[in-house]
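Structure first, then comments.
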Amino acid sequence: MIKVSNVSKSYKHKQALKNVSFTIEGPKIIGFLGHNGAGKTTFLNLLAGLIVPSNGSVCVNGENVFNAPSILRDICFVAESGNFQEEMTIAQSLKANSFFYPKWDENLALELLQVFALNPKDKVRSLSKGMVSALGIITGFASNAAITIFDEPYIGLDVAGRNTFYDLLIEQQSDNPRLFILSTHLIDEASALFEEILILHEGQLLLQKTADEWHQHIVAVKGGALDVEQATAGLEVIYQHSFMQEMTAVVYANGRTIEGNNITRESVSLQDMLVYLSKQQKARVIV
Amino acid sequence: MNTVKGSFYVLFQSYKKKNIIFWSILFSIVLLSFFLDTFFGKYISFVITISIPVYIFYSTMGAKILNRTMPYFLKLGLSRWQYLCNVGLFFIVWSIAGALIITCTHTMITYFSDLLHIKDTIIIHPIQFFENAQSFLLTITLDTVLLLFFLLSGLLLNVVFYRLGTLGGYSFIGLLALIPIVMVIFEWYLPLYNLLSEASVYVLLSSLLGISILLYTVITSAMYKASANPA
């Protein structure tokens, strides 16, 4: 269980996380989402013990993760970059991983090398971006770590490679259930995989919902301006847009049934939600 | 124990190529100097130094290790303390290996010089400052301690740049540059020279070892809460 308590993280000129608190329990696949600069990577770095929080604590099974090797060996963090030593070959990198992850699956690693068509003798330095991403994916799956974090794991990978990753994720989760945290911008592709969704927005946790709860909580209401305003009265509006006589309001329904005349209710995709949040942020900046 | 093995494996693999290149160049130069000395020794005297380039190489390697390896090892789940422990152990082994190579090369050059009756080959080494102490074992010990000291000095410089950024790092270098100036102004160099020339090799060795331990302690405490990303 991951327990995040009042975590803030400030850099010189920016507060990346503002008093964030939540709890995650596995095994499940979690979508960790937010637009650029929302604080996702900062949080994932905190969870992997790479940086120290300015305030608060990140605990796994009751123990603070910072400088705690007994906890950290059960966390595999596949970051966007810098996961491997450039002077080493693929085979050497995988061998190095086997020393640090107690549940390392050598056979799976070798099998996945073939799946992603990687030559073990190639040096990391000579690999393309997609190949380095594939090596990161292999590390993540073969580590068998109780908490496996993928931060933008498929930069440079083509559609086939990304589909292979999704298939492997499902396969691994059914064979060896654990907590996968996936942070990605390709939300449309990955959204069907998520069992739980966390959205960070401007350094704060905007929402944490299971996939089933999502459709009940985030609703787009369409209709005449007056009707929509009446129907959504008292609800928090995420995004509002008017075109001609029709208004669209995306709201947090929080389980409440939205009723009204001449209105339609639609569920909102994850991708659209992030677009709305981004627009809301831009509008605030412009104002 | 596995993480120590793993750290050694990664550090060895990461620095293998650089070491091979460095030693190959150094040995080529030494070999060339030796042959030139064999044929032209009558006209020119040759001075060979192996240890000094190795000290410079080691301090350069020490000054780069943090940026290259710390984020990687932290991602693999090591704590900062474990990382610095493993790096410290690796430095000791690396210093012993370097000292062995230096001393063996010196011995070989001396042996072949005697064999080929080359009388005027001069090998410069810090052990020559101590006239009564030039045994094989003592040379290795002195080189080990010196190499360890240079590695840790490089690492300390890396820590300053890592924690304080470019501005802080260069300010630190500026402060270090003040030391010799202050020494000249207050004429501290004379008593220092006298102290060093009168000290026995054992006193110097233990002092260097003490300074190295102090440097390592400073480094460890400075890195306890360091981020995986340099300042």
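Labels for the structure tokens follow display order: chains A, B, ..., residues from 1 in each chain, ligands from 1.
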Requested in this report: Output as a PyMOL selection string the set of chain B residues within 10 Å of chain A, with distances taken over only C-alpha atoms.
Outcome: chain B and resi 1-18+68-82+224-229
Query raised in the report: Looking only at the backbone, which of the residues in stretch 29-188 of chain A does DSSP tag as strand (DSSP E or B), as a count of residues only?
Result: 29
Report task. Give me, please, the distance in Å between atom CA of A:Glu213 and atom CA of A:Val250, quoted to one decimal. Result -> 15.7 Å
**Report entry** Contact residues around B:Thr141 with only C-alpha atoms at 9 Å, ignoring same-chain residues under 6 positions, as a list of chain:residue names
**Finding:** B:Ile96, B:Ala99, B:Leu205
Excluding A:Leu110 and any residue of its chain fewer than 3 positions from it, enumerate the residues within 12 Å of it, using only C-alpha atoms, and give them as a tab-separated table (two decimals) with all heavy atoms, in the first residue's frame.
```
chain	number	residue	atom	x	y	z
A	90	ILE	N	23.36	-4.25	-23.94
A	90	ILE	CA	22.02	-4.64	-23.46
A	90	ILE	C	22.14	-5.82	-22.48
A	90	ILE	O	21.54	-5.81	-21.40
A	90	ILE	CB	21.12	-5.00	-24.66
A	90	ILE	CG1	20.79	-3.74	-25.46
A	90	ILE	CG2	19.86	-5.73	-24.21
A	90	ILE	CD1	20.00	-3.99	-26.72
A	91	ALA	N	22.95	-6.81	-22.87
A	91	ALA	CA	23.11	-8.00	-22.01
A	91	ALA	C	23.68	-7.60	-20.65
A	91	ALA	O	23.22	-8.09	-19.61
A	91	ALA	CB	24.02	-9.01	-22.70
A	94	LEU	N	21.04	-5.86	-18.50
A	94	LEU	CA	20.07	-6.80	-17.92
A	94	LEU	C	20.72	-7.60	-16.79
A	94	LEU	O	20.09	-7.86	-15.77
A	94	LEU	CB	19.51	-7.73	-19.00
A	94	LEU	CG	18.67	-7.03	-20.08
A	94	LEU	CD1	18.20	-8.04	-21.13
A	94	LEU	CD2	17.46	-6.32	-19.49
A	95	LYS	N	22.00	-7.95	-16.99
A	95	LYS	CA	22.70	-8.69	-15.93
A	95	LYS	C	22.82	-7.80	-14.68
A	95	LYS	O	22.63	-8.27	-13.56
A	95	LYS	CB	24.09	-9.10	-16.40
A	95	LYS	CG	24.77	-10.06	-15.45
A	95	LYS	CD	26.14	-10.47	-15.89
A	95	LYS	CE	26.79	-11.29	-14.77
A	95	LYS	NZ	28.17	-11.61	-15.07
A	104	TRP	N	14.09	-10.86	-10.03
A	104	TRP	CA	14.39	-10.71	-11.46
A	104	TRP	C	14.14	-12.02	-12.22
A	104	TRP	O	14.59	-13.09	-11.79
A	104	TRP	CB	15.85	-10.28	-11.62
A	104	TRP	CG	16.27	-10.11	-13.04
A	104	TRP	CD1	17.00	-10.98	-13.80
A	104	TRP	CD2	15.99	-9.00	-13.90
A	104	TRP	NE1	17.20	-10.47	-15.06
A	104	TRP	CE2	16.59	-9.27	-15.15
A	104	TRP	CE3	15.28	-7.80	-13.73
A	104	TRP	CZ2	16.50	-8.37	-16.22
A	104	TRP	CZ3	15.21	-6.92	-14.80
A	104	TRP	CH2	15.81	-7.21	-16.01
A	105	ASP	N	13.41	-11.91	-13.34
A	105	ASP	CA	13.09	-13.10	-14.15
A	105	ASP	C	13.95	-13.07	-15.41
A	105	ASP	O	13.62	-12.42	-16.41
A	105	ASP	CB	11.59	-13.06	-14.50
A	105	ASP	CG	11.12	-14.33	-15.19
A	105	ASP	OD1	11.98	-15.06	-15.74
A	105	ASP	OD2	9.90	-14.59	-15.19
A	106	GLU	N	15.03	-13.82	-15.35
A	106	GLU	CA	16.01	-13.84	-16.45
A	106	GLU	C	15.37	-14.38	-17.75
A	106	GLU	O	15.59	-13.84	-18.83
A	106	GLU	CB	17.20	-14.72	-16.03
A	106	GLU	CG	18.36	-14.76	-16.99
A	106	GLU	CD	19.13	-13.44	-17.04
A	106	GLU	OE1	19.18	-12.74	-16.02
A	106	GLU	OE2	19.65	-13.11	-18.13
A	107	ASN	N	14.58	-15.44	-17.59
A	107	ASN	CA	13.97	-16.06	-18.77
A	107	ASN	C	13.03	-15.10	-19.48
A	107	ASN	O	13.02	-15.02	-20.72
A	107	ASN	CB	13.22	-17.34	-18.39
A	107	ASN	CG	14.17	-18.41	-17.92
A	107	ASN	OD1	15.33	-18.43	-18.35
A	107	ASN	ND2	13.71	-19.25	-17.02
A	113	LEU	N	13.56	-9.84	-25.07
A	113	LEU	CA	14.59	-9.32	-26.00
A	113	LEU	C	14.24	-9.74	-27.43
A	113	LEU	O	14.40	-8.97	-28.37
A	113	LEU	CB	15.97	-9.89	-25.64
A	113	LEU	CG	16.77	-9.20	-24.55
A	113	LEU	CD1	18.11	-9.90	-24.37
A	113	LEU	CD2	17.00	-7.74	-24.87
A	114	GLN	N	13.77	-11.00	-27.54
A	114	GLN	CA	13.38	-11.50	-28.87
A	114	GLN	C	12.10	-10.82	-29.36
A	114	GLN	O	11.99	-10.49	-30.53
A	114	GLN	CB	13.20	-13.00	-28.83
A	114	GLN	CG	14.54	-13.72	-28.68
A	114	GLN	CD	14.41	-15.22	-28.71
A	114	GLN	OE1	13.38	-15.76	-28.29
A	114	GLN	NE2	15.46	-15.89	-29.18
A	115	VAL	N	11.18	-10.62	-28.44
A	115	VAL	CA	9.91	-9.97	-28.81
A	115	VAL	C	10.17	-8.57	-29.39
A	115	VAL	O	9.59	-8.19	-30.42
A	115	VAL	CB	8.96	-9.88	-27.58
A	115	VAL	CG1	7.76	-9.00	-27.87
A	115	VAL	CG2	8.51	-11.26	-27.15
A	116	PHE	N	11.08	-7.84	-28.75
A	116	PHE	CA	11.37	-6.48	-29.21
A	116	PHE	C	12.55	-6.43	-30.19
A	116	PHE	O	13.01	-5.35	-30.55
A	116	PHE	CB	11.65	-5.56	-28.02
A	116	PHE	CG	10.42	-5.19	-27.24
A	116	PHE	CD1	10.12	-5.80	-26.05
A	116	PHE	CD2	9.55	-4.22	-27.73
A	116	PHE	CE1	8.98	-5.45	-25.33
A	116	PHE	CE2	8.41	-3.86	-27.03
A	116	PHE	CZ	8.12	-4.48	-25.82
A	117	ALA	N	13.00	-7.61	-30.59
A	117	ALA	CA	14.09	-7.73	-31.59
A	117	ALA	C	15.31	-6.90	-31.22
A	117	ALA	O	15.84	-6.14	-32.02
A	117	ALA	CB	13.58	-7.33	-32.98
A	118	LEU	N	15.76	-7.06	-29.97
A	118	LEU	CA	16.97	-6.36	-29.53
A	118	LEU	C	18.15	-7.33	-29.52
A	118	LEU	O	18.01	-8.49	-29.13
A	118	LEU	CB	16.78	-5.79	-28.12
A	118	LEU	CG	15.74	-4.69	-27.93
A	118	LEU	CD1	15.68	-4.26	-26.47
A	118	LEU	CD2	16.03	-3.49	-28.80
A	119	ASN	N	19.30	-6.81	-29.96
A	119	ASN	CA	20.51	-7.63	-29.96
A	119	ASN	C	21.25	-7.41	-28.64
A	119	ASN	O	21.68	-6.30	-28.35
A	119	ASN	CB	21.39	-7.20	-31.15
A	119	ASN	CG	22.67	-8.00	-31.22
A	119	ASN	OD1	22.92	-8.88	-30.39
A	119	ASN	ND2	23.49	-7.70	-32.21
A	120	PRO	N	21.43	-8.47	-27.85
A	120	PRO	CA	22.04	-8.30	-26.52
A	120	PRO	C	23.45	-7.71	-26.58
A	120	PRO	O	23.92	-7.16	-25.59
A	120	PRO	CB	22.09	-9.72	-25.96
A	120	PRO	CG	21.30	-10.57	-26.86
A	120	PRO	CD	21.07	-9.87	-28.14
A	135	LEU	N	14.00	-1.55	-24.00
A	135	LEU	CA	14.86	-2.10	-22.93
A	135	LEU	C	14.30	-1.72	-21.55
A	135	LEU	O	14.32	-2.54	-20.61
A	135	LEU	CB	16.29	-1.56	-23.10
A	135	LEU	CG	17.37	-2.16	-22.20
A	135	LEU	CD1	17.44	-3.67	-22.34
A	135	LEU	CD2	18.73	-1.56	-22.53
A	138	ILE	N	11.36	-3.99	-20.90
A	138	ILE	CA	11.84	-5.33	-20.50
A	138	ILE	C	12.25	-5.30	-19.03
A	138	ILE	O	11.90	-6.20	-18.25
A	138	ILE	CB	13.02	-5.76	-21.41
A	138	ILE	CG1	12.54	-5.95	-22.85
A	138	ILE	CG2	13.68	-7.03	-20.88
A	138	ILE	CD1	13.64	-6.15	-23.86
A	139	THR	N	12.98	-4.25	-18.65
A	139	THR	CA	13.42	-4.13	-17.25
A	139	THR	C	12.23	-4.09	-16.31
A	139	THR	O	12.21	-4.79	-15.28
A	139	THR	CB	14.26	-2.84	-17.08
A	139	THR	OG1	15.39	-2.93	-17.94
A	139	THR	CG2	14.74	-2.65	-15.65
A	141	PHE	N	9.14	-5.21	-16.68
A	141	PHE	CA	8.40	-6.47	-16.55
A	141	PHE	C	9.24	-7.57	-15.89
A	141	PHE	O	8.76	-8.29	-15.02
A	141	PHE	CB	7.90	-6.94	-17.92
A	141	PHE	CG	6.75	-6.11	-18.43
A	141	PHE	CD1	6.78	-5.56	-19.71
A	141	PHE	CD2	5.64	-5.87	-17.63
A	141	PHE	CE1	5.73	-4.77	-20.18
A	141	PHE	CE2	4.58	-5.08	-18.09
A	141	PHE	CZ	4.63	-4.54	-19.37
A	142	ALA	N	10.52	-7.66	-16.30
A	142	ALA	CA	11.37	-8.75	-15.77
A	142	ALA	C	11.75	-8.52	-14.31
A	142	ALA	O	12.13	-9.47	-13.62
A	142	ALA	CB	12.62	-8.90	-16.62
```
**Report entry** Gap from atom CA of B:Glu198 to atom CA of B:Ile92 - Å, one decimal
**Finding:**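 Taking atom CA of B:Glu198 and atom CA of B:Ile92, their separation equals 28.0 Å.
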Query raised in the report: What are the DSSP helix (DSSP H, G or I) residues of stretch 89-234 of chain A, as JSON, numbers by chain?
Result: {"A": [90, 91, 92, 93, 94, 95, 96, 97, 98, 99, 100, 106, 107, 108, 109, 110, 111, 112, 113, 114, 115, 124, 125, 126, 129, 130, 131, 132, 133, 134, 135, 136, 137, 138, 139, 140, 141, 142, 159, 160, 161, 162, 163, 164, 165, 166, 167, 168, 169, 170, 171, 172, 173, 174, 175, 187, 188, 189, 190, 191, 192, 193, 211, 212, 213, 214, 215, 216, 217, 225, 226, 227, 228, 229, 230, 231]}
Query raised in the report: Which one is closest to A:Arg162: A:Ile137, A:Ile238, A:Val268, A:Val219? Count only C-alpha atoms.
Result: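 Closest residue, counting only C-alpha atoms: A:Ile137.
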**Report entry** atom CA of A:Val132 to atom CA of A:Glu80, straight-line distance in Å
**Finding:**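 If I compute the distance from atom CA of A:Glu80 to atom CA of A:Val132, I get 9.7 Å.
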Give me the residues near A:Glu246 as a PDB file with C-alpha atoms, in the first residue's frame, where near means some atom within 12 Å (using only C-alpha atoms) and where sequence neighbours in that chain fewer than 3 positions away do not count.
```pdb
ATOM      1  CA  VAL A 221     -24.102  18.050 -20.042  1.00  0.00           C
ATOM      2  CA  LYS A 222     -25.303  19.495 -23.348  1.00  0.00           C
ATOM      3  CA  GLY A 223     -28.310  21.601 -24.181  1.00  0.00           C
ATOM      4  CA  GLY A 224     -29.630  25.153 -24.119  1.00  0.00           C
ATOM      5  CA  ALA A 225     -27.582  27.525 -21.975  1.00  0.00           C
ATOM      6  CA  LEU A 226     -30.331  28.086 -19.406  1.00  0.00           C
ATOM      7  CA  ASP A 227     -31.229  24.389 -19.172  1.00  0.00           C
ATOM      8  CA  VAL A 228     -27.602  23.354 -18.701  1.00  0.00           C
ATOM      9  CA  GLU A 229     -27.027  26.031 -16.070  1.00  0.00           C
ATOM     10  CA  GLN A 240     -17.857  25.226 -20.081  1.00  0.00           C
ATOM     11  CA  HIS A 241     -18.252  26.057 -23.730  1.00  0.00           C
ATOM     12  CA  SER A 242     -21.011  27.742 -25.726  1.00  0.00           C
ATOM     13  CA  PHE A 243     -21.529  27.529 -29.437  1.00  0.00           C
ATOM     14  CA  ALA A 249     -20.619  21.885 -19.416  1.00  0.00           C
ATOM     15  CA  ASN A 262     -33.858  19.393 -23.014  1.00  0.00           C
ATOM     16  CA  ILE A 263     -30.422  18.297 -21.881  1.00  0.00           C
ATOM     17  CA  THR A 264     -28.283  15.306 -22.823  1.00  0.00           C
TER      18      THR A 264
END
```
B:Gly210 surroundings by only C-alpha atoms, 10 Å radius, close-in-sequence under 5 positions cut, as an mmCIF file with N, CA and C atoms, in the first residue's frame:
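Output file part37.cif follows:
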```cif
data_model
loop_
_atom_site.group_PDB
_atom_site.id
_atom_site.type_symbol
_atom_site.label_atom_id
_atom_site.label_comp_id
_atom_site.auth_asym_id
_atom_site.auth_seq_id
_atom_site.Cartn_x
_atom_site.Cartn_y
_atom_site.Cartn_z
ATOM 1 N N VAL B 145 47.288 4.836 -1.530
ATOM 2 C CA VAL B 145 46.751 5.933 -0.717
ATOM 3 C C VAL B 145 46.646 7.210 -1.558
ATOM 4 N N PHE B 149 43.272 9.111 -2.540
ATOM 5 C CA PHE B 149 43.149 10.529 -2.210
ATOM 6 C C PHE B 149 42.717 11.329 -3.447
ATOM 7 N N LEU B 204 53.400 10.497 6.518
ATOM 8 C CA LEU B 204 52.704 11.065 5.357
ATOM 9 C C LEU B 204 51.554 10.158 4.897
ATOM 10 N N LEU B 205 51.847 8.861 4.891
ATOM 11 C CA LEU B 205 50.809 7.893 4.487
ATOM 12 C C LEU B 205 49.596 7.968 5.397
ATOM 13 N N LEU B 215 37.607 13.393 3.902
ATOM 14 C CA LEU B 215 36.933 13.773 2.644
ATOM 15 C C LEU B 215 35.708 12.892 2.416
ATOM 16 N N TYR B 216 35.885 11.590 2.639
ATOM 17 C CA TYR B 216 34.793 10.645 2.419
ATOM 18 C C TYR B 216 33.618 10.928 3.372
#
```
Report task. Would you list the contacts of B:Ser59 as an MDAnalysis selection string, taking every protein, DNA or RNA residue within 12 Å and counting only C-alpha atoms, but skipping same-chain residues closer than 5 positions in sequence? Result -> chainID B and resid 52:54 64:65 91 95 146:158
How would the residues just chosen look if you wrote them out with all heavy atoms as a compact mmCIF listing (two decimals), in the first residue's frame?
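Below you can see result35.txt, which holds the result:
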```txt
# COMPACT_ATOMS: atom_id res chain seq x y z
N ILE B 52 52.23 10.12 -12.15
CA ILE B 52 51.55 11.43 -12.21
C ILE B 52 50.37 11.44 -13.20
O ILE B 52 49.29 11.88 -12.83
CB ILE B 52 52.57 12.56 -12.44
CG1 ILE B 52 53.48 12.65 -11.20
CG2 ILE B 52 51.88 13.91 -12.69
CD1 ILE B 52 54.73 13.47 -11.38
N PRO B 53 50.56 10.93 -14.44
CA PRO B 53 49.37 10.87 -15.32
C PRO B 53 48.23 10.03 -14.74
O PRO B 53 47.07 10.36 -14.93
CB PRO B 53 49.90 10.22 -16.60
CG PRO B 53 51.36 10.37 -16.56
CD PRO B 53 51.77 10.46 -15.14
N VAL B 54 48.63 8.98 -13.99
CA VAL B 54 47.57 8.13 -13.39
C VAL B 54 46.83 8.92 -12.31
O VAL B 54 45.60 8.84 -12.21
CB VAL B 54 48.17 6.82 -12.80
CG1 VAL B 54 47.07 5.93 -12.24
CG2 VAL B 54 48.93 6.06 -13.88
N LYS B 64 33.84 12.76 -12.17
CA LYS B 64 32.70 12.54 -13.09
C LYS B 64 31.75 11.47 -12.61
O LYS B 64 30.66 11.31 -13.16
CB LYS B 64 33.24 12.14 -14.47
CG LYS B 64 33.89 13.29 -15.22
CD LYS B 64 34.40 12.78 -16.55
CE LYS B 64 35.02 13.90 -17.37
NZ LYS B 64 35.63 13.38 -18.59
N ILE B 65 32.17 10.73 -11.61
CA ILE B 65 31.44 9.50 -11.27
C ILE B 65 30.01 9.75 -10.78
O ILE B 65 29.09 9.00 -11.11
CB ILE B 65 32.25 8.66 -10.25
CG1 ILE B 65 31.78 7.21 -10.28
CG2 ILE B 65 32.16 9.23 -8.83
CD1 ILE B 65 32.75 6.24 -9.71
N PHE B 91 36.48 2.40 -5.18
CA PHE B 91 37.66 3.28 -5.23
C PHE B 91 38.89 2.59 -4.63
O PHE B 91 39.99 2.70 -5.15
CB PHE B 91 37.38 4.59 -4.48
CG PHE B 91 36.67 5.63 -5.31
CD1 PHE B 91 36.19 5.34 -6.58
CD2 PHE B 91 36.47 6.92 -4.82
CE1 PHE B 91 35.53 6.30 -7.33
CE2 PHE B 91 35.82 7.89 -5.57
CZ PHE B 91 35.34 7.57 -6.83
N SER B 95 42.09 1.76 -6.70
CA SER B 95 43.38 2.35 -6.30
C SER B 95 44.43 1.26 -6.17
O SER B 95 45.57 1.44 -6.63
CB SER B 95 43.25 3.07 -4.97
OG SER B 95 42.26 4.05 -5.05
N LEU B 146 47.66 7.46 -2.38
CA LEU B 146 47.62 8.67 -3.23
C LEU B 146 46.48 8.59 -4.25
O LEU B 146 45.76 9.57 -4.45
CB LEU B 146 48.95 8.85 -3.96
CG LEU B 146 50.05 9.55 -3.17
CD1 LEU B 146 51.38 9.44 -3.88
CD2 LEU B 146 49.71 11.02 -2.96
N LEU B 147 46.33 7.42 -4.86
CA LEU B 147 45.25 7.26 -5.86
C LEU B 147 43.88 7.42 -5.20
O LEU B 147 42.98 8.06 -5.76
CB LEU B 147 45.36 5.91 -6.56
CG LEU B 147 46.53 5.78 -7.55
CD1 LEU B 147 46.65 4.35 -8.06
CD2 LEU B 147 46.35 6.72 -8.74
N LEU B 148 43.75 6.83 -4.01
CA LEU B 148 42.48 6.96 -3.27
C LEU B 148 42.21 8.43 -2.94
O LEU B 148 41.09 8.92 -3.09
CB LEU B 148 42.56 6.13 -1.98
CG LEU B 148 41.27 5.97 -1.20
CD1 LEU B 148 40.23 5.22 -2.01
CD2 LEU B 148 41.52 5.23 0.10
N PHE B 149 43.27 9.11 -2.54
CA PHE B 149 43.15 10.53 -2.21
C PHE B 149 42.72 11.33 -3.45
O PHE B 149 41.81 12.17 -3.37
CB PHE B 149 44.49 11.05 -1.67
CG PHE B 149 44.53 12.54 -1.49
CD1 PHE B 149 43.87 13.14 -0.43
CD2 PHE B 149 45.22 13.34 -2.39
CE1 PHE B 149 43.90 14.52 -0.27
CE2 PHE B 149 45.25 14.72 -2.23
CZ PHE B 149 44.59 15.32 -1.17
N PHE B 150 43.32 11.04 -4.58
CA PHE B 150 42.96 11.78 -5.81
C PHE B 150 41.53 11.44 -6.26
O PHE B 150 40.81 12.31 -6.72
CB PHE B 150 43.97 11.50 -6.92
CG PHE B 150 45.22 12.30 -6.77
CD1 PHE B 150 46.42 11.72 -6.39
CD2 PHE B 150 45.21 13.68 -6.98
CE1 PHE B 150 47.57 12.47 -6.21
CE2 PHE B 150 46.36 14.44 -6.81
CZ PHE B 150 47.54 13.84 -6.42
N LEU B 151 41.16 10.18 -6.13
CA LEU B 151 39.78 9.80 -6.49
C LEU B 151 38.78 10.54 -5.61
O LEU B 151 37.78 11.09 -6.10
CB LEU B 151 39.60 8.29 -6.32
CG LEU B 151 40.04 7.39 -7.47
CD1 LEU B 151 40.03 5.94 -7.05
CD2 LEU B 151 39.16 7.56 -8.71
N LEU B 152 39.06 10.57 -4.31
CA LEU B 152 38.13 11.23 -3.37
C LEU B 152 38.12 12.74 -3.55
O LEU B 152 37.08 13.38 -3.40
CB LEU B 152 38.47 10.84 -1.93
CG LEU B 152 38.11 9.41 -1.55
CD1 LEU B 152 38.70 9.02 -0.21
CD2 LEU B 152 36.60 9.21 -1.52
N SER B 153 39.30 13.31 -3.88
CA SER B 153 39.34 14.76 -4.14
C SER B 153 38.48 15.09 -5.36
O SER B 153 37.72 16.07 -5.34
CB SER B 153 40.77 15.22 -4.40
OG SER B 153 41.58 14.86 -3.35
N GLY B 154 38.61 14.25 -6.39
CA GLY B 154 37.78 14.43 -7.60
C GLY B 154 36.31 14.30 -7.26
O GLY B 154 35.47 15.10 -7.68
N LEU B 155 35.99 13.30 -6.42
CA LEU B 155 34.60 13.08 -6.03
C LEU B 155 34.06 14.27 -5.23
O LEU B 155 32.91 14.69 -5.43
CB LEU B 155 34.49 11.78 -5.22
CG LEU B 155 33.08 11.38 -4.77
CD1 LEU B 155 32.16 11.16 -5.96
CD2 LEU B 155 33.12 10.11 -3.92
N LEU B 156 34.90 14.82 -4.36
CA LEU B 156 34.47 15.98 -3.57
C LEU B 156 34.13 17.16 -4.49
O LEU B 156 33.11 17.84 -4.30
CB LEU B 156 35.57 16.38 -2.57
CG LEU B 156 35.22 17.59 -1.70
CD1 LEU B 156 34.14 17.24 -0.68
CD2 LEU B 156 36.44 18.15 -0.97
N LEU B 157 34.99 17.35 -5.49
CA LEU B 157 34.73 18.44 -6.45
C LEU B 157 33.41 18.18 -7.18
O LEU B 157 32.59 19.09 -7.37
CB LEU B 157 35.89 18.51 -7.45
CG LEU B 157 35.91 19.73 -8.35
CD1 LEU B 157 36.15 20.99 -7.54
CD2 LEU B 157 37.01 19.60 -9.41
N ASN B 158 33.19 16.91 -7.53
CA ASN B 158 31.94 16.52 -8.19
C ASN B 158 30.74 16.80 -7.28
O ASN B 158 29.70 17.29 -7.73
CB ASN B 158 32.01 15.03 -8.55
CG ASN B 158 31.00 14.61 -9.60
OD1 ASN B 158 30.97 13.47 -10.01
ND2 ASN B 158 30.19 15.53 -10.07
```
